[in-house]
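Pasted below: work-v5.cif, mmCIF, C-alpha atoms.
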```cif
data_entry
#
loop_
_atom_site.label_atom_id
_atom_site.label_comp_id
_atom_site.auth_asym_id
_atom_site.auth_seq_id
_atom_site.Cartn_x
_atom_site.Cartn_y
_atom_site.Cartn_z
CA MET A 1 19.04 9.11 -7.03
CA PRO A 2 17.39 5.98 -5.57
CA ASP A 3 13.61 5.61 -5.72
CA ARG A 4 11.97 7.13 -2.68
CA LEU A 5 8.49 8.00 -1.41
CA SER A 6 8.05 10.73 1.19
CA LEU A 7 4.77 11.85 2.77
CA GLU A 8 4.94 14.67 5.32
CA GLY A 9 2.50 16.66 7.42
CA LEU A 10 -0.56 14.65 6.42
CA ARG A 11 -3.81 15.97 7.88
CA ILE A 12 -7.24 14.56 6.99
CA LEU A 13 -10.60 15.92 8.10
CA ALA A 14 -14.17 14.62 7.93
CA GLY A 15 -16.19 17.77 8.44
CA ALA A 16 -14.80 19.24 11.66
CA LYS A 17 -13.46 15.90 12.91
CA GLU A 18 -9.73 15.34 12.54
CA LEU A 19 -9.03 11.76 11.39
CA VAL A 20 -5.29 12.00 10.70
CA ARG A 21 -2.89 14.64 11.91
CA ASP A 22 0.78 15.41 11.23
CA VAL A 23 1.65 11.96 9.88
CA ASP A 24 5.02 11.55 8.17
CA LEU A 25 5.93 8.43 6.21
CA GLN A 26 9.16 7.57 4.38
CA LEU A 27 9.63 4.54 2.13
CA GLU A 28 12.80 3.65 0.27
CA ALA A 29 13.31 1.35 -2.70
CA GLY A 30 13.70 -2.27 -1.59
CA GLU A 31 12.35 -1.59 1.90
CA ILE A 32 9.35 -3.09 3.68
CA LEU A 33 7.76 -0.59 6.05
CA ALA A 34 5.05 -2.05 8.29
CA LEU A 35 2.27 0.35 9.27
CA VAL A 36 0.46 -0.99 12.33
CA GLY A 37 -2.11 0.15 14.85
CA ALA A 38 -5.55 -0.56 16.19
CA SER A 39 -8.59 -0.42 13.92
CA GLY A 40 -9.49 3.20 13.18
CA SER A 41 -5.98 4.49 13.89
CA GLY A 42 -5.64 5.97 10.39
CA LYS A 43 -3.42 3.39 8.70
CA THR A 44 -5.47 2.84 5.56
CA LEU A 45 -6.46 6.50 5.28
CA SER A 46 -2.79 7.51 5.38
CA ALA A 47 -1.91 4.96 2.71
CA ARG A 48 -4.82 6.06 0.51
CA ALA A 49 -3.54 9.62 0.73
CA ILE A 50 -0.49 8.48 -1.25
CA LEU A 51 -2.91 7.75 -4.10
CA GLY A 52 -4.95 10.92 -3.60
CA LEU A 53 -8.01 8.79 -2.85
CA PRO A 54 -9.52 10.30 0.33
CA GLY A 55 -10.63 13.19 -1.89
CA PRO A 56 -12.48 16.17 -0.45
CA ARG A 57 -14.79 14.24 1.95
CA PRO A 58 -13.05 13.15 4.17
CA GLY A 59 -10.48 15.56 2.92
CA VAL A 60 -6.72 15.83 2.85
CA VAL A 61 -6.26 19.44 3.91
CA ALA A 62 -2.49 19.33 4.36
CA ALA A 63 0.18 17.08 2.86
CA GLN A 64 3.50 17.11 1.11
CA LEU A 65 4.01 14.03 -1.04
CA GLU A 66 7.18 13.53 -3.05
CA LEU A 67 7.88 10.52 -5.26
CA CYS A 68 11.35 10.18 -6.75
CA VAL A 69 11.34 7.47 -9.42
CA GLY A 70 14.04 7.03 -12.03
CA GLY A 71 15.30 10.56 -11.47
CA GLN A 72 11.83 12.04 -11.95
CA VAL A 73 10.23 13.90 -9.04
CA LEU A 74 6.44 14.14 -8.60
CA ARG A 75 4.70 16.41 -6.06
CA PRO A 76 0.96 15.84 -6.59
CA TYR A 77 -0.17 17.82 -3.52
CA GLN A 78 1.62 20.97 -4.65
CA GLY A 79 -0.82 23.87 -4.34
CA LEU A 80 -3.11 22.19 -1.79
CA THR A 81 -2.08 24.41 1.14
CA GLU A 82 -2.75 27.56 -0.86
CA ALA A 83 -6.12 26.23 -2.09
CA VAL A 84 -7.25 25.37 1.45
CA ALA A 85 -6.08 28.74 2.80
CA ALA A 86 -8.07 30.45 0.06
CA GLY A 87 -11.15 28.40 0.89
CA ARG A 88 -11.10 26.69 -2.50
CA PRO A 89 -10.00 23.07 -1.91
CA GLY A 90 -12.49 21.88 -4.53
CA ARG A 91 -10.52 23.70 -7.21
CA PHE A 92 -7.39 21.79 -6.20
CA TRP A 93 -9.16 18.41 -6.25
CA ARG A 94 -10.58 19.06 -9.70
CA ARG A 95 -6.99 19.31 -10.95
CA ALA A 96 -5.64 16.57 -8.70
CA ALA A 97 -6.87 13.67 -10.86
CA GLN A 98 -4.30 14.60 -13.50
CA ALA A 99 -1.51 15.00 -10.94
CA PHE A 100 -2.20 11.57 -9.43
CA ARG A 101 -2.73 9.79 -12.77
CA PRO A 102 0.89 8.53 -13.10
CA ILE A 103 0.88 7.43 -9.46
CA ARG A 104 -2.31 5.41 -9.01
CA GLY A 105 -1.83 1.85 -10.15
CA HIS A 106 1.29 2.74 -12.12
CA LEU A 107 4.17 3.97 -9.95
CA VAL A 108 2.32 2.81 -6.83
CA GLY A 109 0.51 -0.53 -7.05
CA THR A 110 -1.97 -1.87 -4.53
CA MET A 111 -2.95 -5.13 -2.87
CA ALA A 112 -6.31 -4.78 -1.16
CA GLN A 113 -7.62 -7.00 1.61
CA ASP A 114 -10.42 -8.03 -0.77
CA ALA A 115 -8.16 -8.87 -3.70
CA ARG A 116 -10.92 -10.44 -5.78
CA GLY A 117 -13.01 -7.30 -5.39
CA ALA A 118 -10.09 -5.23 -6.70
CA LEU A 119 -10.01 -7.20 -9.96
CA ASP A 120 -12.37 -6.66 -12.91
CA PRO A 121 -14.97 -9.44 -12.60
CA LEU A 122 -15.70 -9.42 -16.35
CA TRP A 123 -12.13 -9.83 -17.59
CA THR A 124 -9.91 -12.90 -17.47
CA VAL A 125 -6.61 -12.66 -15.64
CA GLU A 126 -4.80 -12.63 -18.98
CA ARG A 127 -6.81 -9.70 -20.32
CA GLN A 128 -6.19 -7.70 -17.15
CA VAL A 129 -2.45 -8.37 -17.26
CA VAL A 130 -2.33 -7.46 -20.97
CA GLU A 131 -4.11 -4.18 -20.19
CA ALA A 132 -1.63 -3.48 -17.36
CA LEU A 133 1.32 -4.26 -19.62
CA SER A 134 0.05 -1.69 -22.12
CA LEU A 135 0.45 0.98 -19.42
CA GLY A 136 4.08 0.14 -18.70
CA ASP A 137 7.18 -0.46 -20.76
CA SER A 138 7.75 -4.14 -20.01
CA SER A 139 8.31 -6.63 -22.83
CA ASP A 140 7.21 -9.56 -20.64
CA THR A 141 4.41 -11.88 -21.68
CA PRO A 142 1.37 -12.25 -19.39
CA ALA A 143 2.56 -15.73 -18.41
CA ALA A 144 6.00 -14.37 -17.51
CA VAL A 145 4.48 -11.66 -15.32
CA LEU A 146 2.32 -14.22 -13.51
CA GLY A 147 5.42 -16.33 -12.97
CA ARG A 148 7.19 -13.35 -11.40
CA ALA A 149 4.17 -12.91 -9.12
CA GLY A 150 4.61 -16.43 -7.75
CA PHE A 151 2.32 -18.58 -9.91
CA ARG A 152 4.04 -21.91 -10.50
CA GLN A 153 1.80 -22.79 -13.47
CA PRO A 154 0.86 -19.41 -14.95
CA GLN A 155 -0.59 -20.86 -18.13
CA ARG A 156 -3.38 -22.45 -16.09
CA VAL A 157 -4.32 -19.08 -14.61
CA LEU A 158 -4.49 -16.96 -17.76
CA GLY A 159 -8.02 -17.93 -18.74
CA LEU A 160 -9.54 -17.72 -15.26
CA TYR A 161 -11.92 -15.02 -14.07
CA PRO A 162 -11.57 -13.42 -10.61
CA HIS A 163 -14.42 -15.47 -9.12
CA GLN A 164 -12.48 -18.61 -10.03
CA LEU A 165 -9.42 -17.56 -8.03
CA SER A 166 -8.73 -18.45 -4.42
CA GLY A 167 -7.85 -15.63 -2.03
CA GLY A 168 -4.12 -16.29 -2.37
CA MET A 169 -4.34 -16.50 -6.16
CA ALA A 170 -6.22 -13.20 -6.27
CA GLN A 171 -3.49 -11.55 -4.18
CA ARG A 172 -0.84 -12.86 -6.56
CA ALA A 173 -2.89 -11.57 -9.49
CA CYS A 174 -2.82 -8.10 -7.90
CA ILE A 175 0.96 -8.41 -7.54
CA ALA A 176 1.14 -9.38 -11.22
CA LEU A 177 -0.81 -6.28 -12.24
CA ALA A 178 1.56 -4.06 -10.23
CA LEU A 179 4.57 -5.72 -11.85
CA ALA A 180 3.05 -5.41 -15.32
CA ARG A 181 2.53 -1.66 -14.85
CA GLY A 182 6.09 -1.22 -13.66
CA SER A 183 5.11 -0.12 -10.14
CA ARG A 184 8.08 0.91 -8.00
CA PHE A 185 6.09 0.92 -4.76
CA LEU A 186 3.37 -1.40 -3.49
CA ILE A 187 0.73 -0.73 -0.84
CA ALA A 188 -0.29 -4.07 0.68
CA ASP A 189 -3.34 -3.46 2.90
CA GLU A 190 -3.91 -6.46 5.19
CA PRO A 191 -2.88 -8.86 2.38
CA THR A 192 -2.93 -11.99 4.57
CA THR A 193 -6.30 -11.50 6.27
CA GLY A 194 -8.67 -14.44 5.77
CA LEU A 195 -6.03 -16.69 4.21
CA ASP A 196 -4.90 -20.01 5.63
CA PRO A 197 -1.40 -20.06 7.21
CA THR A 198 0.26 -21.74 4.23
CA VAL A 199 -1.05 -19.11 1.80
CA GLN A 200 -0.22 -16.31 4.24
CA GLU A 201 3.37 -17.52 4.34
CA ALA A 202 3.55 -17.64 0.54
CA ILE A 203 2.25 -14.05 0.21
CA LEU A 204 4.76 -12.77 2.77
CA VAL A 205 7.58 -14.53 0.92
CA GLU A 206 6.42 -12.86 -2.30
CA LEU A 207 6.48 -9.43 -0.64
CA GLN A 208 10.02 -10.06 0.59
CA ARG A 209 11.03 -11.15 -2.90
CA LEU A 210 9.56 -7.99 -4.42
CA ALA A 211 11.52 -5.90 -1.93
CA GLY A 212 14.61 -7.85 -3.00
CA GLU A 213 13.90 -6.69 -6.55
CA GLY A 214 13.99 -3.07 -5.39
CA ILE A 215 10.28 -2.41 -4.89
CA GLY A 216 9.33 -0.44 -1.79
CA VAL A 217 6.51 -2.17 0.11
CA LEU A 218 4.15 -0.47 2.56
CA LEU A 219 2.64 -3.34 4.55
CA ILE A 220 -0.48 -2.42 6.52
CA THR A 221 -1.25 -5.11 9.08
CA HIS A 222 -2.86 -5.68 12.45
CA ASP A 223 -0.83 -8.87 12.98
CA LEU A 224 2.28 -7.81 14.88
CA ARG A 225 3.58 -11.38 14.82
CA ILE A 226 4.67 -11.12 11.18
CA VAL A 227 6.29 -7.69 11.47
CA PRO A 228 9.74 -8.53 12.93
CA ARG A 229 10.22 -11.28 10.37
CA VAL A 230 9.31 -9.49 7.16
CA ALA A 231 9.66 -5.74 7.74
CA ASP A 232 12.71 -3.49 7.93
CA ARG A 233 10.98 -0.76 9.92
CA VAL A 234 7.66 -0.44 11.70
CA GLN A 235 5.56 2.69 12.18
CA ILE A 236 2.88 2.58 14.86
CA MET A 237 -0.25 4.72 14.61
CA ASP A 238 -2.80 5.53 17.31
CA ARG A 239 -5.88 7.74 16.95
CA GLY A 240 -4.70 9.34 13.74
CA ARG A 241 -1.11 10.07 14.68
CA THR A 242 2.26 8.36 14.57
CA VAL A 243 3.43 7.38 18.04
CA GLU A 244 6.70 5.63 17.16
CA THR A 245 8.85 4.48 14.24
CA LEU A 246 11.64 1.99 14.88
CA PRO A 247 13.49 -0.99 13.38
CA ALA A 248 11.09 -3.91 13.14
CA THR A 249 13.42 -6.16 15.12
CA LEU A 250 13.07 -3.81 18.11
CA LEU A 251 9.27 -3.78 18.13
CA SER A 252 8.93 -6.00 21.19
CA SER A 253 11.29 -3.78 23.21
CA SER A 254 9.30 -0.57 22.69
CA SER A 255 8.31 1.26 25.88
CA SER A 256 5.53 3.32 24.29
CA PRO A 257 2.19 2.67 26.10
CA GLU A 258 0.30 2.43 22.81
CA VAL A 259 2.80 -0.05 21.40
CA ARG A 260 2.87 -2.09 24.61
CA SER A 261 -0.92 -2.32 24.51
CA LEU A 262 -0.82 -3.70 20.96
CA ILE A 263 1.96 -6.14 21.82
CA ASP A 264 0.18 -7.43 24.94
CA ALA A 265 -3.10 -7.90 23.04
CA THR A 266 -1.30 -9.76 20.25
CA ALA A 267 0.47 -12.00 22.75
CA ARG A 268 -2.82 -12.88 24.46
CA VAL A 269 -4.41 -13.83 21.14
CA ALA A 270 -1.34 -15.83 20.13
CA GLY A 271 -1.23 -17.61 23.48
CA GLY A 272 2.29 -16.47 24.33
CA ALA A 273 4.98 -13.90 23.65
CA LEU A 274 5.05 -11.85 20.46
#
```

Would you mind giving the structure from this file in structure tokens?
Amino acid sequence: MPDRLSLEGLRILAGAKELVRDVDLQLEAGEILALVGASGSGKTLSARAILGLPGPRPGVVAAQLELCVGGQVLRPYQGLTEAVAAGRPGRFWRRAAQAFRPIRGHLVGTMAQDARGALDPLWTVERQVVEALSLGDSSDTPAAVLGRAGFRQPQRVLGLYPHQLSGGMAQRACIALALARGSRFLIADEPTTGLDPTVQEAILVELQRLAGEGIGVLLITHDLRIVPRVADRVQIMDRGRTVETLPATLLSSSSSPEVRSLIDATARVAGGAL
């Protein structure tokens, strides 16, 4: 059975306000799925639900998440529907930390927009990679892991602290941590924001290379220009719901009003066609 991640029927509330409703998301091994939409459309919240991070406030009140990795099947939201129906969601979330433990940072790695902020500021890159390696079953050395993450001279990076890394280096360090833990899926949340074009290109190439190694990549981005080139499929969100999912190469031909609005805005910013 190939590795697969499936999220169905996701619903997230903040008090009485519905932030995400009926979102389904499928990600296969070796695939790059781009999740796009305007700010506030629910992209990051939906991705965080894979890690069980929205917690009770705002709360995931409905979801079916299934991760199939190496023949093992995990369903961390099992029992949530019953707990909510019984008016006891807090009881579910008190148990959920254990259910999500093998998922967060292990089976599913992350690349945050603020990569430096996601790293431990008091530990060198080497120490953080060594710690990550202890959680997985890899026999790689820290330098070898950094090399796999795209560092051309990994030995020079080992002794550096996060504040000494550039934005692109910090993103590669996050990739290295995911590789060290043996992550089979990677959530990349706006990984190219704030980087110069050369570094952006290098990060996108790294994501494509990881997909080539069989890692499923969920790429959250507001930049539609990169989607047809790097993604296999694209899922468009608007006001907390999915409006369309299609092959990335067909993005510009979508007739959905929400998608057309995003495409037109992107074209205006880019000074031409998408």

Practice prompt. To verify the selection step, state as a PyMOL selection string which residues the PyMOL selection byres ((chain A and resi 149-162) around 6) yields on this input.
Written response: chain A and resi 116+121+124-126+143+146-148+163-165+172+175-176

Item to complete: Expand the PyMOL selection byres ((chain A and resi 207-224) around 9) into the individual residues it matches in the shown file, reporting them as a VMD selection string.
Response: chain A and resid 3 to 5 27 to 39 43 to 44 47 149 175 183 to 193 202 to 206 225 to 228 230 to 231 251 262 to 263 266 274

Practice prompt. Run through the PyMOL selection byres ((chain A and resi 88-97) around 12) on the given coordinates and return the selected residues as a PyMOL selection string.
Written response: chain A and resi 49+51-57+59-62+75-87+98-104

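Counting from atom CA of Val130 of chain A, the distance to atom CA of Ile50 of chain A is 25.4 Å.
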
Discussion item. Measuring between only C-alpha atoms, which one of A:Leu246, A:Leu19, A:Val199, A:Ala178 shows the shortest distance to Ala132 of chain A?
Written reply: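 Closest candidate: A:Ala178.
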
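Taking atom CA of Gln128 of chain A and atom CA of Arg48 of chain A as the two end points, the separation is 22.4 Å.
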
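What separates atom CA of Met237 of chain A from atom CA of Gly42 of chain A is a distance of 7.0 Å.
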
Fill in: Residue nearest Ser255 of chain A among A:Gly15, A:Val243, A:Leu177, A:Ser46 (counting all atoms listed in the file)
A:Val243

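Residue nearest Arg21 of chain A within the list A:Asp264, A:Asp140, A:Glu258, A:Asp238: A:Asp238 [criterion: smallest interatomic distance, only C-alpha atoms].
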